[in-house]
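Novice: Pasting a structure here, questions to come.
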Amino acid sequence: MKRINTKLKRYWGISEIGFSFMATMETSFFIIFLTDVARLPLAMVGVITGLSGIADAVTAVLAGAVIDKTNFKNGKYRPWLVYCPPIVVIFFILMFTKIGSDMTAAILCSVGYIVSHGVWNIAWTANRAIVGELSDVPEERAFLSGRIAAGASGGKILGSYLVPVLTAAFLGLFTGMGETWGYTATALVASLVFTLTYFIHYQITKGYDIPEEQGKSGKKTVSLPDMLKAIVQNPQLLVLLLADAMRLIAFYMIAACAGYYTKIVLENPSAVSILLVLFNAGTLIGSLMAKQIVAKLGTKLSTILGTGGLAVILVLLYFLPANQAIVFIILFVAQLIFGAAYGLTTSMYSMCGTYGEYKTGKDIKGVIMACSSLAIKIAVALRGVIISAVLAAIAYVPDGPVTDTAQGGIKLLFFIVPALFCILSVVLFFFYKIKDSEIAGMEQEIAERKKVSRRR
């Protein structure tokens with residue numbers, strides 16, 4: 001039986017602090033960078049976010065296939081944690097630049113987005129796929145899943161606070177060189193932090209990822225048709241993918257619209273950092289509570305209640321007065337509730353991996369975890385298109401006057417649209433049928449099959 005060691009208990013999840021610090025700069029500030037800093041036309045922003053998001057989704061799926069079909073001498077999953085980050089640094093910086101004409105800048109930002117995300121998809125997927133190598137005990141997998149979610153939320157908190165602060169500091173340092181340079185320098189810092197924290201995960205997982213031992217057992221390489229067949233024959237994975245994508249649209253839309261909400265509705269742009277810190281702090285605390293909540297309610301019910309709870313509170317906030325203190329406190333509570341569901345994400349995909357291997361006999365952990373990444377990519381792509389469309393509909397102008405139409409449109413975008421996607425997610429989660437009590441039996445059956453295979 002595989003169990004986690006002391007280093008993993010102490011430091012697992014730190015990679016997500018670095019990754020989410022960097023990713024928060026994209027999810028919360030990339031669109032507003034394009035519209036308010038680089039000042040690209042809204043139609044062009046829609047094309048950038050839409051097409052880049054589609055490419056990102058495609059590479060997310062390919063990342064799983066690449067991982068499942070690749071083995072290195074020093075491991076199957078771990079090497080990606082150090083091979084990918086240096087490439088990400090270069091192209092993530094390119095995302096936050098304004099070079100040449102609007103068209104040239106748009107092309108370079110798009111290239112930076114597609115390449116950086118395509119490469120980090122591999123590292124991100126490998127980092128989650130290795131969970132199956134760390135432990136085969138359901139309770140420990142739930143712990144690892146919760147720590148990943150907690151680390152992700154912690155990274156979002158750091159990003160929410162530090163990105164505006166660092167951007168302003170670098171802007172002062174690069175006075176006269178243009179506002180975009182503040183974002184460019186901040187992107188460098190964020191991507192370097194990502195590189196460091198992934199290296200820490202590479203170190204603490206040493207000894208768990210040994211492909212040579214898998215080779216001695218006679219394990220066959222899984223072909224691409226096998227991967228596709230295993231996905232199609234796993235309806236629970238497809239349900240989880242769609243339901244997860246719907247709630248993540250809501251999650252990332254709130255994060256991306258925080259800047260617009262504080263600027264247009266609250267008329268206090270500087271409050272965006274406080275709002276995002278509280279938003280992500282709620283998610284962090286809720287994620288840490290996931291293990292205790294799931295022990296009483298089960299994974300499925302905890303997920304439905306957490307996602308549905310966020311929807312109800314968002315609708316409530318839409319009808320309440322736009323008082324900064326009230327909105328911030330209630331949104332924090334909403335994220336506490338949602339965080340418990342969010343903290344179970346990796347565990348649910350891991351359950352789908354176990355279910356899929358039990359049903360088909362094919363171990364495609366990389367592809368399964370890539371579906372988790374795919375849900376994020378679908379959410380980010382659709383979020384970008386929706387935000388651009390609504391901003392165009394209300395004739396948003398970065399330096400224009402605040403109108404009732406603009407405030408009404410931003411409130412819909414910040415509260416009602418995310419609530420609708422949460423409700424759709426809840427409906428889909430009712431079709432998720434894997435029970436917590438079944439996983440241990442499936443794991444035992446899979447282990448027995450592998451023993452028989454080795455004897456042969």
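In the structure tokens, chains take letters A, B, ... by order of appearance, with residues numbered from 1 within each chain and ligands from 1 in the order shown.
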Select from range 296-334 of chain A every residue with an atom at most 12 Å from any atom of range 237-255 of chain A, then for each give the shortest pair of atoms and their distance in Å to one decimal, using only C-alpha atoms, rows by chain and rising number, as a Markdown table.

Specialist:
```
| residue | atom | partner | partner_atom | distance |
| --- | --- | --- | --- | --- |
| A:Lys300 | CA | A:Leu240 | CA | 10.6 |
| A:Thr303 | CA | A:Asp244 | CA | 10.0 |
| A:Ile304 | CA | A:Ala243 | CA | 10.2 |
| A:Gly306 | CA | A:Arg247 | CA | 10.4 |
| A:Thr307 | CA | A:Arg247 | CA | 7.1 |
| A:Gly308 | CA | A:Arg247 | CA | 9.5 |
| A:Gly309 | CA | A:Arg247 | CA | 11.7 |
| A:Leu310 | CA | A:Ala250 | CA | 9.4 |
| A:Ala311 | CA | A:Ala250 | CA | 9.0 |
| A:Leu314 | CA | A:Ile254 | CA | 10.0 |
| A:Leu331 | CA | A:Ile254 | CA | 10.2 |
| A:Ala334 | CA | A:Phe251 | CA | 11.2 |
```

Novice: Using only N, CA, C and O atoms, please write the residues we just selected to a file, as a PDB file, in the first residue's frame.

Specialist:
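Output file out-v8.pdb follows:
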```
ATOM      1  N   LYS A 300     -20.509  13.955  -3.460  1.00  0.00           N
ATOM      2  CA  LYS A 300     -21.522  14.481  -4.374  1.00  0.00           C
ATOM      3  C   LYS A 300     -22.394  15.547  -3.715  1.00  0.00           C
ATOM      4  O   LYS A 300     -22.566  16.646  -4.259  1.00  0.00           O
ATOM      5  N   THR A 303     -20.575  18.777  -2.971  1.00  0.00           N
ATOM      6  CA  THR A 303     -20.348  19.543  -4.198  1.00  0.00           C
ATOM      7  C   THR A 303     -21.612  20.273  -4.637  1.00  0.00           C
ATOM      8  O   THR A 303     -21.564  21.452  -5.005  1.00  0.00           O
ATOM      9  N   ILE A 304     -22.741  19.607  -4.588  1.00  0.00           N
ATOM     10  CA  ILE A 304     -24.010  20.220  -4.996  1.00  0.00           C
ATOM     11  C   ILE A 304     -24.380  21.380  -4.073  1.00  0.00           C
ATOM     12  O   ILE A 304     -24.761  22.461  -4.539  1.00  0.00           O
ATOM     13  N   GLY A 306     -22.381  23.143  -2.095  1.00  0.00           N
ATOM     14  CA  GLY A 306     -21.425  24.239  -2.201  1.00  0.00           C
ATOM     15  C   GLY A 306     -21.636  25.087  -3.442  1.00  0.00           C
ATOM     16  O   GLY A 306     -21.625  26.323  -3.386  1.00  0.00           O
ATOM     17  N   THR A 307     -21.862  24.430  -4.568  1.00  0.00           N
ATOM     18  CA  THR A 307     -22.076  25.148  -5.828  1.00  0.00           C
ATOM     19  C   THR A 307     -23.422  25.871  -5.836  1.00  0.00           C
ATOM     20  O   THR A 307     -23.526  27.029  -6.258  1.00  0.00           O
ATOM     21  N   GLY A 308     -24.461  25.186  -5.352  1.00  0.00           N
ATOM     22  CA  GLY A 308     -25.778  25.809  -5.287  1.00  0.00           C
ATOM     23  C   GLY A 308     -25.828  26.963  -4.309  1.00  0.00           C
ATOM     24  O   GLY A 308     -26.513  27.965  -4.550  1.00  0.00           O
ATOM     25  N   GLY A 309     -25.100  26.825  -3.197  1.00  0.00           N
ATOM     26  CA  GLY A 309     -25.055  27.904  -2.221  1.00  0.00           C
ATOM     27  C   GLY A 309     -24.485  29.185  -2.802  1.00  0.00           C
ATOM     28  O   GLY A 309     -24.984  30.288  -2.523  1.00  0.00           O
ATOM     29  N   LEU A 310     -23.456  29.065  -3.623  1.00  0.00           N
ATOM     30  CA  LEU A 310     -22.875  30.244  -4.268  1.00  0.00           C
ATOM     31  C   LEU A 310     -23.905  30.917  -5.177  1.00  0.00           C
ATOM     32  O   LEU A 310     -24.025  32.150  -5.190  1.00  0.00           O
ATOM     33  N   ALA A 311     -24.664  30.117  -5.935  1.00  0.00           N
ATOM     34  CA  ALA A 311     -25.671  30.668  -6.850  1.00  0.00           C
ATOM     35  C   ALA A 311     -26.711  31.490  -6.092  1.00  0.00           C
ATOM     36  O   ALA A 311     -27.063  32.612  -6.490  1.00  0.00           O
ATOM     37  N   LEU A 314     -25.228  34.824  -4.806  1.00  0.00           N
ATOM     38  CA  LEU A 314     -24.979  35.786  -5.888  1.00  0.00           C
ATOM     39  C   LEU A 314     -26.263  36.499  -6.303  1.00  0.00           C
ATOM     40  O   LEU A 314     -26.267  37.714  -6.543  1.00  0.00           O
ATOM     41  N   LEU A 331     -19.861  38.085  -0.035  1.00  0.00           N
ATOM     42  CA  LEU A 331     -19.149  37.336  -1.069  1.00  0.00           C
ATOM     43  C   LEU A 331     -18.097  36.419  -0.433  1.00  0.00           C
ATOM     44  O   LEU A 331     -17.865  35.295  -0.915  1.00  0.00           O
ATOM     45  N   ALA A 334     -19.976  33.448   0.728  1.00  0.00           N
ATOM     46  CA  ALA A 334     -20.343  32.627  -0.437  1.00  0.00           C
ATOM     47  C   ALA A 334     -19.182  31.740  -0.867  1.00  0.00           C
ATOM     48  O   ALA A 334     -19.369  30.566  -1.210  1.00  0.00           O
TER      49      ALA A 334
END
```

Novice: Ala381 in chain A: which residues within 8 Å, counting only C-alpha atoms, same-chain residues fewer than 2 positions away excluded, as a PyMOL selection string?

Specialist: chain A and resi 49-54+377-379+383-385

Novice: Compile the contact shell of Gln203 in chain A as a PyMOL selection string: residues with an atom at most 10 Å away, counting only C-alpha atoms, same-chain residues fewer than 2 positions apart removed.

Specialist: chain A and resi 7+78+81-82+197-201+205-207

Novice: Can I get the selection written as a JSON list (two decimals), in the first residue's frame, with N, CA, C and O atoms?

Specialist:
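Just written: out_39.json:
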```
[["chain", "number", "residue", "atom", "x", "y", "z"],
["A", 7, "LYS", "N", 7.32, 14.75, 4.36],
["A", 7, "LYS", "CA", 7.53, 15.91, 3.49],
["A", 7, "LYS", "C", 6.27, 16.25, 2.71],
["A", 7, "LYS", "O", 5.92, 17.43, 2.55],
["A", 78, "ARG", "N", 7.29, 13.48, -12.73],
["A", 78, "ARG", "CA", 8.12, 14.48, -12.05],
["A", 78, "ARG", "C", 8.96, 15.34, -13.00],
["A", 78, "ARG", "O", 9.05, 16.56, -12.78],
["A", 81, "LEU", "N", 7.84, 18.76, -14.16],
["A", 81, "LEU", "CA", 7.77, 19.85, -13.18],
["A", 81, "LEU", "C", 8.97, 20.79, -13.26],
["A", 81, "LEU", "O", 8.91, 21.92, -12.77],
["A", 82, "VAL", "N", 10.07, 20.30, -13.85],
["A", 82, "VAL", "CA", 11.26, 21.16, -14.00],
["A", 82, "VAL", "C", 11.55, 21.49, -15.47],
["A", 82, "VAL", "O", 12.23, 22.47, -15.76],
["A", 197, "THR", "N", 8.31, 27.10, -7.05],
["A", 197, "THR", "CA", 7.41, 26.22, -6.29],
["A", 197, "THR", "C", 7.22, 24.87, -6.97],
["A", 197, "THR", "O", 7.06, 23.85, -6.29],
["A", 198, "TYR", "N", 7.26, 24.83, -8.29],
["A", 198, "TYR", "CA", 7.17, 23.54, -8.97],
["A", 198, "TYR", "C", 8.44, 22.71, -8.75],
["A", 198, "TYR", "O", 8.40, 21.48, -8.68],
["A", 199, "PHE", "N", 9.57, 23.40, -8.62],
["A", 199, "PHE", "CA", 10.81, 22.69, -8.32],
["A", 199, "PHE", "C", 10.74, 22.06, -6.92],
["A", 199, "PHE", "O", 11.25, 20.95, -6.70],
["A", 200, "ILE", "N", 10.08, 22.74, -5.99],
["A", 200, "ILE", "CA", 9.91, 22.18, -4.64],
["A", 200, "ILE", "C", 9.09, 20.90, -4.71],
["A", 200, "ILE", "O", 9.41, 19.90, -4.06],
["A", 201, "HIS", "N", 8.02, 20.89, -5.50],
["A", 201, "HIS", "CA", 7.23, 19.67, -5.66],
["A", 201, "HIS", "C", 8.05, 18.56, -6.30],
["A", 201, "HIS", "O", 7.88, 17.38, -5.96],
["A", 205, "THR", "N", 8.61, 14.88, -4.11],
["A", 205, "THR", "CA", 8.00, 13.65, -4.66],
["A", 205, "THR", "C", 9.06, 12.63, -5.09],
["A", 205, "THR", "O", 8.73, 11.61, -5.70],
["A", 206, "LYS", "N", 10.30, 12.90, -4.77],
["A", 206, "LYS", "CA", 11.38, 11.98, -5.14],
["A", 206, "LYS", "C", 11.14, 10.60, -4.52],
["A", 206, "LYS", "O", 10.84, 10.48, -3.34],
["A", 207, "GLY", "N", 11.29, 9.56, -5.34],
["A", 207, "GLY", "CA", 11.12, 8.20, -4.87],
["A", 207, "GLY", "C", 9.75, 7.61, -5.11],
["A", 207, "GLY", "O", 9.54, 6.40, -4.95]]
```

Novice: Could you pull out the residues in range 45-180 of chain A that DSSP calls helix (DSSP H, G or I) from the backbone, as a PyMOL selection string?

Specialist: chain A and resi 45-68+80-83+85-95+102-129+131-134+138-173+180

Novice: If you count only C-alpha atoms, which residues fall within 12 Å of Ala322 in chain A, apart from same-chain ones fewer than 2 positions away, as a list in words?

Specialist: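 Listed by chain and then number, they are Tyr261, Thr262, Ile264, Val265, Leu266, Glu267, Asn268, Leu316, Leu317, Tyr318, Phe319, Leu320, Gln324, Ala325, Ile326, Val327, Phe328, Ile330, Gln407, Gly408, Ile410, Lys411, Phe414 and Phe415 of chain A.
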
Novice: With N, CA, C and O atoms retained, write the just-selected residues as a CSV table (one decimal), in the first residue's frame.

Specialist:
```csv
chain,number,residue,atom,x,y,z
A,261,TYR,N,-16.2,45.7,-11.6
A,261,TYR,CA,-17.3,46.0,-10.6
A,261,TYR,C,-16.8,47.1,-9.6
A,261,TYR,O,-17.6,48.0,-9.3
A,262,THR,N,-15.6,47.0,-9.1
A,262,THR,CA,-15.1,48.1,-8.2
A,262,THR,C,-15.0,49.4,-8.9
A,262,THR,O,-15.2,50.5,-8.2
A,264,ILE,N,-16.7,50.5,-11.8
A,264,ILE,CA,-18.0,51.0,-12.3
A,264,ILE,C,-19.1,51.1,-11.3
A,264,ILE,O,-19.8,52.1,-11.2
A,265,VAL,N,-19.3,50.0,-10.6
A,265,VAL,CA,-20.5,50.0,-9.6
A,265,VAL,C,-20.1,50.6,-8.3
A,265,VAL,O,-20.8,51.5,-7.8
A,266,LEU,N,-19.0,50.2,-7.7
A,266,LEU,CA,-18.6,50.8,-6.4
A,266,LEU,C,-17.9,52.1,-6.6
A,266,LEU,O,-17.8,52.9,-5.6
A,267,GLU,N,-17.4,52.4,-7.8
A,267,GLU,CA,-16.7,53.6,-8.1
A,267,GLU,C,-15.5,53.8,-7.2
A,267,GLU,O,-15.2,54.9,-6.7
A,268,ASN,N,-14.8,52.7,-6.9
A,268,ASN,CA,-13.6,52.7,-6.1
A,268,ASN,C,-12.6,51.7,-6.6
A,268,ASN,O,-12.5,50.5,-6.1
A,316,LEU,N,-28.8,37.0,-4.4
A,316,LEU,CA,-29.2,37.9,-3.3
A,316,LEU,C,-28.4,39.2,-3.4
A,316,LEU,O,-28.9,40.3,-3.2
A,317,LEU,N,-27.1,39.0,-3.7
A,317,LEU,CA,-26.2,40.2,-3.7
A,317,LEU,C,-26.6,41.2,-4.9
A,317,LEU,O,-26.5,42.4,-4.8
A,318,TYR,N,-27.2,40.6,-5.9
A,318,TYR,CA,-27.6,41.4,-7.1
A,318,TYR,C,-28.7,42.4,-6.6
A,318,TYR,O,-28.8,43.6,-7.1
A,319,PHE,N,-29.6,42.0,-5.7
A,319,PHE,CA,-30.7,42.8,-5.3
A,319,PHE,C,-30.4,43.6,-4.1
A,319,PHE,O,-31.2,44.5,-3.8
A,320,LEU,N,-29.3,43.4,-3.4
A,320,LEU,CA,-29.0,44.2,-2.3
A,320,LEU,C,-28.3,45.5,-2.8
A,320,LEU,O,-27.7,45.6,-3.9
A,324,GLN,N,-20.1,48.6,-0.3
A,324,GLN,CA,-18.8,47.9,-0.4
A,324,GLN,C,-18.7,46.9,0.8
A,324,GLN,O,-18.3,45.7,0.5
A,325,ALA,N,-18.9,47.2,2.0
A,325,ALA,CA,-18.7,46.4,3.1
A,325,ALA,C,-19.6,45.1,3.1
A,325,ALA,O,-19.2,44.0,3.3
A,326,ILE,N,-20.9,45.4,2.7
A,326,ILE,CA,-21.9,44.3,2.7
A,326,ILE,C,-21.5,43.3,1.6
A,326,ILE,O,-21.5,42.1,1.8
A,327,VAL,N,-21.2,43.8,0.4
A,327,VAL,CA,-20.9,43.0,-0.7
A,327,VAL,C,-19.6,42.1,-0.4
A,327,VAL,O,-19.6,40.9,-0.7
A,328,PHE,N,-18.6,42.7,0.1
A,328,PHE,CA,-17.4,42.0,0.4
A,328,PHE,C,-17.6,40.9,1.4
A,328,PHE,O,-17.1,39.8,1.3
A,330,ILE,N,-20.4,39.3,2.4
A,330,ILE,CA,-21.3,38.3,1.9
A,330,ILE,C,-20.6,37.4,0.8
A,330,ILE,O,-20.8,36.2,0.8
A,407,GLN,N,-23.5,50.5,-15.1
A,407,GLN,CA,-23.6,49.8,-13.8
A,407,GLN,C,-24.5,48.6,-13.8
A,407,GLN,O,-24.1,47.6,-13.2
A,408,GLY,N,-25.6,48.7,-14.5
A,408,GLY,CA,-26.5,47.6,-14.6
A,408,GLY,C,-25.9,46.4,-15.3
A,408,GLY,O,-26.1,45.3,-14.9
A,410,ILE,N,-22.7,45.7,-15.6
A,410,ILE,CA,-21.6,45.1,-14.8
A,410,ILE,C,-22.2,44.3,-13.7
A,410,ILE,O,-21.7,43.2,-13.4
A,411,LYS,N,-23.3,44.7,-13.1
A,411,LYS,CA,-23.9,44.0,-12.0
A,411,LYS,C,-24.4,42.6,-12.5
A,411,LYS,O,-24.3,41.6,-11.9
A,414,PHE,N,-21.4,40.4,-13.1
A,414,PHE,CA,-20.7,40.0,-11.8
A,414,PHE,C,-21.5,39.1,-11.0
A,414,PHE,O,-21.0,38.2,-10.3
A,415,PHE,N,-22.9,39.2,-11.0
A,415,PHE,CA,-23.7,38.4,-10.1
A,415,PHE,C,-24.6,37.3,-10.9
A,415,PHE,O,-24.5,36.1,-10.6
```

Novice: Of the candidates A:Val312, A:Met289, A:Met22, A:Ile439, which shows the shortest atom-to-atom distance to Val89 in chain A, using only C-alpha atoms?

Specialist: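 That would be A:Met22, the residue with the smallest distance to Val89 in chain A.
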
Novice: Do you know which residues are at most 8 Å from Phe19 in chain A counting only C-alpha atoms, after dropping those on the same chain fewer than 3 positions away, and could you put them as a list of chain:residue names?

Specialist: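 Listing them by chain and then by number gives A:Ser15, A:Glu16, A:Met22, A:Ala23, A:Ala152, A:Gly155, A:Ser191, A:Val193, A:Phe194, A:Thr197, A:Tyr198.
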
Novice: Counting only C-alpha atoms, which residue out of A:Ile416, A:Phe21, A:Ala123, A:Val390 sits closest to Tyr161 in chain A?

Specialist: A:Phe21

Novice: Hey, which of A:Gly353, A:Gly159, A:Gly441, A:Pro41 ends up closest to Pro235 in chain A? Count only C-alpha atoms.

Specialist: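 So, comparing all the options, the nearest one is A:Gly353.
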
Novice: Quick one: of A:Val119, A:Val37, A:Ala105, A:Leu297, who's nearest to Val66 in chain A, counting only C-alpha atoms?

Specialist: A:Val119

Novice: Enter the distance from CA of Arg128 in chain A to CA of Lys451 in chain A, in Å, rounded to one decimal.

Specialist: 25.1 Å

Novice: Determine the nearest neighbour of Gly112 in chain A from the options A:Ile434, A:Ala55, A:Ile130, A:Ala65, counting only C-alpha atoms.

Specialist: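 Closest to Gly112 in chain A of all the choices is A:Ala55.
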
Novice: Could you tell me how far CA of Gly182 in chain A sits from CA of Ala168 in chain A, in Å to one decimal place?

Specialist: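 Calculated distance between CA of Ala168 in chain A and CA of Gly182 in chain A is 6.5 Å.
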